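Chemist: Structure: upload.txt, compact mmCIF, C-alpha atoms.
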# COMPACT_ATOMS: atom_id res chain seq x y z
CA MET A 1 26.78 8.05 -72.32
CA PRO A 2 25.76 8.90 -68.75
CA HIS A 3 28.42 8.91 -66.03
CA ILE A 4 27.55 5.76 -64.06
CA LEU A 5 28.37 5.82 -60.33
CA TYR A 6 26.64 2.56 -59.33
CA GLU A 7 24.68 -0.09 -61.18
CA ASP A 8 23.00 -3.44 -60.50
CA ASN A 9 19.85 -5.23 -61.65
CA HIS A 10 17.53 -3.05 -59.56
CA ILE A 11 19.00 0.46 -59.44
CA ILE A 12 21.33 2.68 -61.39
CA ILE A 13 22.93 5.85 -60.00
CA VAL A 14 24.44 8.45 -62.31
CA SER A 15 26.20 11.78 -62.04
CA LYS A 16 23.93 14.48 -63.46
CA ALA A 17 25.56 17.41 -65.24
CA VAL A 18 24.39 21.01 -65.04
CA GLY A 19 21.70 21.54 -67.66
CA ASP A 20 20.56 17.92 -67.82
CA ILE A 21 16.85 17.53 -67.27
CA VAL A 22 15.91 14.42 -65.30
CA GLN A 23 12.37 14.00 -66.60
CA GLY A 24 10.54 15.44 -69.60
CA ASP A 25 8.89 18.85 -69.35
CA LYS A 26 7.31 21.44 -71.62
CA THR A 27 10.64 22.14 -73.34
CA GLY A 28 10.58 18.72 -74.98
CA ASP A 29 14.35 18.45 -74.56
CA ARG A 30 16.02 15.06 -74.37
CA THR A 31 16.27 13.91 -70.78
CA LEU A 32 18.83 12.20 -68.58
CA ALA A 33 16.30 9.36 -68.22
CA ASP A 34 16.34 8.95 -72.02
CA ASP A 35 20.14 8.67 -71.95
CA VAL A 36 20.08 6.12 -69.13
CA LYS A 37 17.48 4.02 -70.94
CA ALA A 38 19.58 4.08 -74.10
CA TYR A 39 22.64 3.00 -72.11
CA ILE A 40 20.76 0.09 -70.49
CA LYS A 41 19.28 -0.99 -73.81
CA GLU A 42 22.72 -1.12 -75.43
CA SER A 43 24.74 -2.53 -72.52
CA CYS A 44 22.19 -5.25 -71.75
CA ALA A 45 21.18 -5.86 -75.38
CA LYS A 46 17.50 -5.46 -74.48
CA PRO A 47 15.23 -6.03 -77.48
CA GLY A 48 12.14 -4.24 -76.14
CA ALA A 49 11.29 -1.17 -74.09
CA VAL A 50 13.48 -0.41 -71.07
CA TYR A 51 11.82 0.17 -67.70
CA LEU A 52 13.19 3.09 -65.70
CA GLY A 53 11.59 4.60 -62.61
CA ILE A 54 12.37 8.04 -61.19
CA PRO A 55 12.16 8.13 -57.37
CA HIS A 56 13.61 11.65 -57.00
CA ARG A 57 14.62 14.60 -59.14
CA LEU A 58 17.23 17.33 -59.27
CA ASP A 59 16.51 20.78 -60.68
CA ARG A 60 17.90 21.35 -64.16
CA PRO A 61 20.63 23.84 -63.10
CA VAL A 62 21.82 21.51 -60.30
CA SER A 63 24.47 18.79 -60.67
CA GLY A 64 25.26 15.59 -58.79
CA VAL A 65 23.95 12.20 -57.68
CA CYS A 66 20.73 11.03 -59.32
CA VAL A 67 19.09 7.66 -58.58
CA PHE A 68 16.93 5.65 -60.99
CA ALA A 69 15.08 2.37 -60.44
CA ARG A 70 15.41 -0.45 -62.96
CA THR A 71 12.51 -2.50 -61.57
CA SER A 72 9.03 -1.62 -60.31
CA LYS A 73 9.83 -3.30 -56.99
CA ALA A 74 12.85 -1.06 -56.48
CA LEU A 75 10.88 2.05 -57.48
CA GLU A 76 8.06 1.36 -55.04
CA ARG A 77 10.47 0.82 -52.17
CA LEU A 78 12.69 3.78 -53.06
CA ASN A 79 9.65 6.05 -53.26
CA ARG A 80 8.71 5.00 -49.75
CA MET A 81 12.28 5.46 -48.48
CA PHE A 82 12.55 8.98 -49.89
CA ARG A 83 9.12 9.85 -48.48
CA ASP A 84 9.99 8.48 -45.03
CA GLY A 85 13.36 10.24 -44.85
CA LYS A 86 15.41 7.04 -44.98
CA VAL A 87 17.71 8.34 -47.72
CA LYS A 88 20.58 10.56 -46.58
CA LYS A 89 21.33 13.26 -49.13
CA VAL A 90 24.31 15.62 -48.75
CA TYR A 91 24.68 18.70 -50.93
CA HIS A 92 27.62 21.04 -51.43
CA ALA A 93 26.88 24.63 -52.36
CA ILE A 94 29.06 27.53 -53.33
CA VAL A 95 27.30 30.60 -51.97
CA CYS A 96 27.78 34.33 -52.17
CA GLY A 97 29.39 35.79 -49.05
CA VAL A 98 29.85 34.03 -45.73
CA PRO A 99 27.06 32.97 -43.35
CA ASP A 100 27.00 34.62 -39.93
CA GLN A 101 27.52 31.26 -38.20
CA PRO A 102 29.95 28.56 -39.41
CA GLU A 103 27.27 25.92 -38.85
CA ALA A 104 23.58 26.09 -37.97
CA GLU A 105 20.16 24.56 -38.42
CA LEU A 106 17.75 26.59 -40.52
CA VAL A 107 14.00 26.36 -40.01
CA HIS A 108 11.64 28.25 -42.31
CA TYR A 109 8.11 27.96 -43.57
CA LEU A 110 8.06 27.95 -47.36
CA SER A 111 5.30 29.10 -49.66
CA ARG A 112 5.37 28.42 -53.38
CA ASN A 113 4.43 30.66 -56.28
CA GLU A 114 3.56 28.31 -59.15
CA ARG A 115 3.54 31.04 -61.78
CA GLN A 116 7.05 32.19 -60.85
CA ASN A 117 8.24 28.64 -60.06
CA LYS A 118 9.74 30.09 -56.89
CA ALA A 119 9.62 29.45 -53.15
CA TYR A 120 9.48 32.12 -50.44
CA ALA A 121 10.80 31.69 -46.88
CA HIS A 122 8.86 32.89 -43.83
CA ASP A 123 9.96 32.87 -40.20
CA ARG A 124 6.54 31.78 -38.97
CA GLU A 125 3.92 29.37 -40.19
CA ARG A 126 1.32 30.84 -42.51
CA PRO A 127 -1.59 29.39 -44.48
CA GLU A 128 -0.33 27.13 -47.29
CA THR A 129 3.28 27.09 -46.03
CA LYS A 130 5.34 23.97 -45.39
CA ARG A 131 7.97 23.59 -42.69
CA ALA A 132 11.49 23.32 -44.12
CA VAL A 133 14.53 22.22 -42.13
CA LEU A 134 18.19 21.86 -43.10
CA ASP A 135 21.54 22.18 -41.43
CA TYR A 136 24.71 23.51 -43.00
CA LYS A 137 28.41 23.59 -42.20
CA LEU A 138 31.04 25.94 -43.60
CA LEU A 139 33.75 23.89 -45.36
CA ALA A 140 35.84 26.63 -46.97
CA ARG A 141 35.76 30.32 -47.79
CA GLY A 142 37.30 32.55 -50.42
CA GLU A 143 37.26 36.27 -51.08
CA ARG A 144 33.70 36.37 -52.42
CA TYR A 145 32.30 32.87 -52.02
CA SER A 146 31.99 30.12 -49.44
CA LEU A 147 31.60 26.36 -49.74
CA LEU A 148 28.86 24.87 -47.55
CA GLU A 149 27.85 21.29 -46.81
CA VAL A 150 24.08 21.01 -46.54
CA ASN A 151 22.00 18.20 -45.02
CA LEU A 152 18.31 18.20 -45.84
CA HIS A 153 15.80 17.13 -43.21
CA THR A 154 12.77 17.90 -45.38
CA GLY A 155 12.33 17.90 -49.14
CA ARG A 156 10.61 21.09 -50.22
CA HIS A 157 10.56 22.81 -53.61
CA HIS A 158 13.81 24.77 -54.11
CA GLN A 159 14.43 24.36 -50.38
CA ILE A 160 18.21 24.79 -50.28
CA ARG A 161 18.17 27.65 -52.76
CA CYS A 162 15.42 29.48 -50.89
CA GLN A 163 16.68 28.94 -47.34
CA LEU A 164 20.28 29.90 -48.09
CA ALA A 165 19.07 33.04 -49.86
CA ALA A 166 16.97 33.84 -46.78
CA ILE A 167 20.14 34.11 -44.65
CA GLY A 168 21.82 36.35 -47.22
CA CYS A 169 23.88 33.65 -48.95
CA PRO A 170 22.27 32.82 -52.30
CA VAL A 171 23.81 30.00 -54.30
CA LYS A 172 26.34 31.27 -56.84
CA GLY A 173 24.70 31.80 -60.22
CA ASP A 174 21.14 31.54 -58.86
CA LEU A 175 19.60 34.72 -60.24
CA LYS A 176 16.11 33.59 -59.21
CA TYR A 177 17.12 33.76 -55.55
CA GLY A 178 19.28 36.85 -55.54
CA ALA A 179 22.72 35.97 -56.88
CA PRO A 180 24.22 39.05 -58.55
CA ARG A 181 25.37 37.31 -61.74
CA SER A 182 24.84 34.08 -63.66
CA ASN A 183 27.31 31.23 -64.13
CA PRO A 184 28.88 30.83 -67.58
CA ASP A 185 27.19 27.44 -68.05
CA GLY A 186 23.77 28.79 -67.07
CA GLY A 187 23.60 26.53 -64.02
CA ILE A 188 23.93 27.19 -60.32
CA SER A 189 26.69 26.05 -57.97
CA LEU A 190 24.59 23.52 -56.07
CA HIS A 191 25.83 19.94 -56.21
CA ALA A 192 24.19 16.77 -54.88
CA ARG A 193 27.47 15.48 -53.48
CA SER A 194 26.46 12.12 -52.00
CA ILE A 195 23.60 9.79 -51.23
CA ALA A 196 23.38 6.90 -48.76
CA PHE A 197 20.61 4.37 -48.21
CA GLU A 198 19.83 0.71 -47.71
CA HIS A 199 19.46 -1.10 -51.02
CA PRO A 200 15.71 -1.57 -51.61
CA VAL A 201 16.10 -5.24 -52.53
CA SER A 202 19.40 -6.65 -51.24
CA HIS A 203 19.37 -4.42 -48.10
CA VAL A 204 23.12 -3.79 -48.26
CA SER A 205 24.32 -0.28 -47.37
CA ILE A 206 25.08 1.93 -50.35
CA GLU A 207 26.88 5.27 -50.34
CA VAL A 208 27.76 7.02 -53.58
CA VAL A 209 29.72 10.26 -54.09
CA ALA A 210 29.51 12.36 -57.25
CA PRO A 211 32.63 14.18 -58.48
CA TYR A 212 32.48 17.96 -58.54
CA PRO A 213 31.61 19.69 -61.81
CA GLU A 214 34.56 20.90 -63.82
CA GLY A 215 35.53 24.48 -63.14
CA ASP A 216 38.09 26.56 -61.28
CA ILE A 217 35.69 27.70 -58.55
CA TRP A 218 35.09 24.18 -57.21
CA ASN A 219 38.81 23.38 -57.30
CA LYS A 220 39.77 26.61 -55.55
CA LEU A 221 37.34 26.13 -52.68
As structure tokens, how would this structure be written, given the file I've shared?

Modeler:
Amino acid sequence: MPHILYEDNHIIIVSKAVGDIVQGDKTGDRTLADDVKAYIKESCAKPGAVYLGIPHRLDRPVSGVCVFARTSKALERLNRMFRDGKVKKVYHAIVCGVPDQPEAELVHYLSRNERQNKAYAHDRERPETKRAVLDYKLLARGERYSLLEVNLHTGRHHQIRCQLAAIGCPVKGDLKYGAPRSNPDGGISLHARSIAFEHPVSHVSIEVVAPYPEGDIWNKL
């Protein structure tokens, strides 16, 4: 049973857990989309196949707000809204160390290595790089870790993970980007905290907040 944060006839928003995979991949593991379809089929007593569109994705080790479309009309409009930057996404990240500045805008040019499934940050534009922009704010700090709020202005592959690592603050548990040790659950401490947008059909304002994952580190910070 997925954790439902918002639901109507056109969209459904759920809280994704660490380790859930949004859409099928080469692993063949059951997906969050499969679970949402099963929920809709049972709750609405649908006799046939359930339609579910996926306008955006979260990496498997990431937790938080995940939006699905229940109609093709909603999917088409959500796709356009995400592409045009009309969806406000806020992430919270527990990172190693403390950034030099309590808040700042980060601008990098990211290249992507498909074989490694990894992004690399460059200070200047290079062939086949894409401009990546985010801003962060320090919310809390502990002895070894800090809690940051991150606002994305572009949507690049592994953007938050790569850019925070580039300033010496990799996300906790993110071995791929330089964290010294893994998290017990195999995930990383990056959480899609909230999402806000105009409903693609009714045009009312929607803002949804996902609860933090369970664990002492989130509670402490």

Chemist: For Glu207 of chain A, work out the shell of residues within 7 Å, counting only C-alpha atoms and skipping chain neighbours fewer than 6 positions away, then give it as a compact mmCIF listing (two decimals) with C-alpha atoms, in the coordinates of the input.

Modeler:
# COMPACT_ATOMS: atom_id res chain seq x y z
CA ILE A 195 23.60 9.79 -51.23
CA ALA A 196 23.38 6.90 -48.76
CA PHE A 197 20.61 4.37 -48.21

Chemist: Counting all atoms listed in the file, give me one row per residue of segment 87-114 of chain A with an atom at most 8 Å from an atom of segment 137-160 of chain A, showing the shortest contact pair and its distance in Å to one decimal, sorted by chain then residue number, as CSV.

Modeler:
residue,atom,partner,partner_atom,distance
A:Lys88,CA,A:Asn151,CA,7.9
A:Lys89,CA,A:Asn151,CA,6.5
A:Val90,CA,A:Asn151,CA,5.1
A:Tyr91,CA,A:Val150,CA,5.0
A:His92,CA,A:Glu149,CA,4.6
A:Ala93,CA,A:Leu148,CA,5.2
A:Ile94,CA,A:Leu147,CA,4.6
A:Val95,CA,A:Ser146,CA,5.4
A:Cys96,CA,A:Tyr145,CA,4.8
A:Gly97,CA,A:Tyr145,CA,5.1
A:Val98,CA,A:Ser146,CA,5.8
A:Pro102,CA,A:Leu138,CA,5.1
A:Glu103,CA,A:Lys137,CA,4.2
A:Ala104,CA,A:Lys137,CA,6.9
A:Leu110,CA,A:Arg156,CA,7.9
A:Arg112,CA,A:His157,CA,7.6

Chemist: Hey, which of A:Val133, A:Val67, A:Val18, A:Ala210 ends up closest to Ser189 of chain A? Count all atoms listed in the file.

Modeler: A:Val18

Chemist: How many Å lie between atom CA of His191 of chain A and atom CA of Val62 of chain A, rounded to one decimal?

Modeler: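 Those two atoms sit 5.9 Å apart.
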
Chemist: Residues at most 8 Å from Pro211 of chain A, counting only C-alpha atoms, excluding those fewer than 6 positions away in the same chain, as a list of chain:residue names?

Modeler: A:Ser15, A:Gly64, A:Arg193

Chemist: Between atom CA of Val22 of chain A and atom CA of Lys130 of chain A, what is the spacing in Å?

Modeler: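 Atom CA of Lys130 of chain A sits 24.5 Å away from atom CA of Val22 of chain A.
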
Chemist: Quick one: pull the distance between atom CA of Arg70 of chain A and atom CA of Glu214 of chain A, Å, one decimal.

Modeler: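 Taking atom CA of Arg70 of chain A and atom CA of Glu214 of chain A, their separation equals 28.7 Å.
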
Chemist: For a quick check of your reading of the model, name the residues lying within 12 Å of the coordinate (10.0, 2.1, -55.7), counting all atoms listed in the file, and write them as a PDB file with C-alpha atoms, keeping the file's coordinate frame.

Modeler:
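Dumped everything to selection.pdb:
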ATOM      1  CA  HIS A  10      17.530  -3.050 -59.560  1.00  0.00           C
ATOM      2  CA  ILE A  11      19.000   0.460 -59.440  1.00  0.00           C
ATOM      3  CA  LEU A  52      13.190   3.090 -65.700  1.00  0.00           C
ATOM      4  CA  GLY A  53      11.590   4.600 -62.610  1.00  0.00           C
ATOM      5  CA  ILE A  54      12.370   8.040 -61.190  1.00  0.00           C
ATOM      6  CA  PRO A  55      12.160   8.130 -57.370  1.00  0.00           C
ATOM      7  CA  HIS A  56      13.610  11.650 -57.000  1.00  0.00           C
ATOM      8  CA  VAL A  67      19.090   7.660 -58.580  1.00  0.00           C
ATOM      9  CA  PHE A  68      16.930   5.650 -60.990  1.00  0.00           C
ATOM     10  CA  ALA A  69      15.080   2.370 -60.440  1.00  0.00           C
ATOM     11  CA  ARG A  70      15.410  -0.450 -62.960  1.00  0.00           C
ATOM     12  CA  THR A  71      12.510  -2.500 -61.570  1.00  0.00           C
ATOM     13  CA  SER A  72       9.030  -1.620 -60.310  1.00  0.00           C
ATOM     14  CA  LYS A  73       9.830  -3.300 -56.990  1.00  0.00           C
ATOM     15  CA  ALA A  74      12.850  -1.060 -56.480  1.00  0.00           C
ATOM     16  CA  LEU A  75      10.880   2.050 -57.480  1.00  0.00           C
ATOM     17  CA  GLU A  76       8.060   1.360 -55.040  1.00  0.00           C
ATOM     18  CA  ARG A  77      10.470   0.820 -52.170  1.00  0.00           C
ATOM     19  CA  LEU A  78      12.690   3.780 -53.060  1.00  0.00           C
ATOM     20  CA  ASN A  79       9.650   6.050 -53.260  1.00  0.00           C
ATOM     21  CA  ARG A  80       8.710   5.000 -49.750  1.00  0.00           C
ATOM     22  CA  MET A  81      12.280   5.460 -48.480  1.00  0.00           C
ATOM     23  CA  PHE A  82      12.550   8.980 -49.890  1.00  0.00           C
ATOM     24  CA  ARG A  83       9.120   9.850 -48.480  1.00  0.00           C
ATOM     25  CA  HIS A 199      19.460  -1.100 -51.020  1.00  0.00           C
ATOM     26  CA  PRO A 200      15.710  -1.570 -51.610  1.00  0.00           C
ATOM     27  CA  VAL A 201      16.100  -5.240 -52.530  1.00  0.00           C
TER      28      VAL A 201
END

Chemist: Dig up all the protein and nucleic acid residues within 7 Å of (32.5, 31.5, -63.4) in the file frame, using only C-alpha atoms, and format them as an mmCIF file with C-alpha atoms, keeping the file's coordinate frame.

Modeler:
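This is the output file selection_25.cif:
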data_model
loop_
_atom_site.group_PDB
_atom_site.id
_atom_site.type_symbol
_atom_site.label_atom_id
_atom_site.label_comp_id
_atom_site.auth_asym_id
_atom_site.auth_seq_id
_atom_site.Cartn_x
_atom_site.Cartn_y
_atom_site.Cartn_z
ATOM 1 C CA ASN A 183 27.310 31.230 -64.130
ATOM 2 C CA PRO A 184 28.880 30.830 -67.580
ATOM 3 C CA ILE A 217 35.690 27.700 -58.550
#

Chemist: Between A:Ser194, A:Arg30, A:Asn9, A:Val14, which one has atoms that come closest to Cys44 of chain A, using all atoms listed in the file?

Modeler: A:Asn9

Chemist: For each of A:Ala192, A:Cys162, A:Val107, A:Val209, take the minimum atom-to-atom distance to Arg57 of chain A, counting all atoms listed in the file, then give the residue where this is smallest.

Modeler: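 Comparing A:Ala192, A:Cys162, A:Val107, A:Val209 against Arg57 of chain A, the winner is A:Ala192.
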
Chemist: With only C-alpha atoms as the atoms that count, which of A:Tyr120, A:Arg115, A:Ser43, A:Pro170 lies nearest to Pro99 of chain A?

Modeler: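 When distances to Pro99 of chain A are compared using only C-alpha atoms, the smallest one comes from A:Pro170.
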
Chemist: Would you compute, for all listed atoms of segment 116-130 of chain A, the axis-aligned bounding box grown by 3 Å on each side, and then report its centre and edge lengths in Å rounded to one decimal, as lines of an AutoDock Vina configuration file?

Modeler:
center_x = 4.6
center_y = 28.4
center_z = -49.9
size_x = 18.4
size_y = 14.9
size_z = 27.9
